[in-house]
Each structure stands twice: as structure tokens, then as C-alpha cells.
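One structure is given below, encoded as C-alpha cells.
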Amino acid sequence: TSRGRLFFVRQGERVEKCFYSEVLYVEASGYSYIYRRDKPRLLITYPLFVVEPWWPRDMFRRVHRSYIVNLWAVEGFIGKAICSQFYIF
């Protein structure tokens, strides 16, 4: 399962450990931002189409040209919108 896996993200001089299970979603805005549960977002200096293959397919799906969502964080749907505890896409 992907829940225990982790990855590292460079943030300036610091390299930060991040667990896939704490990621809520990834948003494209030129570069990509990783939004995590109860932690500050992380900047990845790559566009979404480059980072998309990095995410485990059993846990993450691209749901829009600007978003990759953690399926474990999805709580339901309102029409075509995806609802999580923190956000609606």
C-alpha cells in the first residue's frame, strides 16, 4: 500500500520529508504546489505534467488539468465537484 511511503522535496536549502498519506492534493500554478494535512504547502519547481508520474496510481488521480487528488482524502461528490474534509474541487 502507498500509505507508508514517503518522498523528499527540496525547499531552498532544506530537504523536507513528506509522506504520501499526508498529501491532500497537488495544484498546478505554473509550478506545482503540494498541499498537506496540517502542514504548510510545498513548492515543486516542475509543472504538473512532469510530476504526475511521480504519484502512486493506487492513491492519486489527476481530476483536472490543474489538480492531482489523493483518493484517500476524497469524502464525496457534489455534482462534478470533489469534496474532501478541507476543500471542494
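Ordering of the C-alpha cells sets the chain letters (A, B, ...); residue numbers start at 1 within each chain; ligands are numbered from 1 in the order shown.
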Test item: residues at most 9 Å from Arg62 (chain A), only C-alpha atoms, excluding those fewer than 6 positions along its chain, as a PyMOL selection string: chain A and resi 52+68-69
Where in chain A does DSSP assign alpha helix (DSSP H), given as a list in words?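 Answer for chain A, restricted to alpha helix (DSSP H): Leu48, Phe49, Val50 and Val51 of chain A.
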Give me every strand (DSSP E) residue in chain A, going by DSSP on the backbone, as a ChimeraX atom specification. /A:6-11,14-19,23-29,31-36,39-44,60-64,67-70,74-78,81-84
As a PyMOL selection string, please: the residues near Trp54 (chain A) (cut-off 12 Å, only C-alpha atoms, same-chain neighbours under 4 positions excluded). chain A and resi 6-8+20+26+44+46+48-50+58-62+68
Atoms to include: C-alpha atoms. Write the selected residues as a PDB file, in the first residue's frame.
ATOM      1  CA  LEU A   6       7.454   8.816   1.632  1.00  0.00           C
ATOM      2  CA  PHE A   7       9.371  11.203  -0.584  1.00  0.00           C
ATOM      3  CA  PHE A   8      11.639  14.220  -0.165  1.00  0.00           C
ATOM      4  CA  TYR A  20       2.127  10.359   0.558  1.00  0.00           C
ATOM      5  CA  VAL A  26      -1.256  18.828  -5.839  1.00  0.00           C
ATOM      6  CA  ILE A  44       7.832  21.892  -6.591  1.00  0.00           C
ATOM      7  CA  TYR A  46       8.089  21.486 -12.084  1.00  0.00           C
ATOM      8  CA  LEU A  48       2.050  19.219 -13.172  1.00  0.00           C
ATOM      9  CA  PHE A  49       2.555  17.092 -16.302  1.00  0.00           C
ATOM     10  CA  VAL A  50       6.145  16.391 -15.153  1.00  0.00           C
ATOM     11  CA  ASP A  58      -3.298   3.397  -6.446  1.00  0.00           C
ATOM     12  CA  MET A  59      -3.576   6.522  -4.295  1.00  0.00           C
ATOM     13  CA  PHE A  60      -3.629   9.618  -6.561  1.00  0.00           C
ATOM     14  CA  ARG A  61      -5.589  10.639  -9.669  1.00  0.00           C
ATOM     15  CA  ARG A  62      -5.473  13.628 -11.926  1.00  0.00           C
ATOM     16  CA  ILE A  68      -3.971  15.693  -8.709  1.00  0.00           C
TER      17      ILE A  68
END
May I ask for the distance between CA of Val74 (chain A) and CA of Thr45 (chain A), given in Å to one decimal place?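 Calculated distance between CA of Val74 (chain A) and CA of Thr45 (chain A) is 25.8 Å.
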Find the distance between CA of Lys39 (chain A) and CA of Ala81 (chain A) and write it in Å to one decimal.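 Here the two named atoms are 24.0 Å from each other.
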So how far away is CA of Arg14 (chain A) from CA of Glu27 (chain A), in Å? 21.4 Å
Restricting the calculation to only C-alpha atoms: of A:Val63, A:Leu42, A:Ala73, A:Val9, which residue gets closest to Glu22 (chain A)?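 Among the listed residues, the smallest separation from Glu22 (chain A) belongs to A:Ala73.
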Check the smallest atom-to-atom distance from each of A:Arg37, A:Asn70, A:Gly76, A:Leu43 to Arg10 (chain A) using only C-alpha atoms, then report the winner. A:Leu43
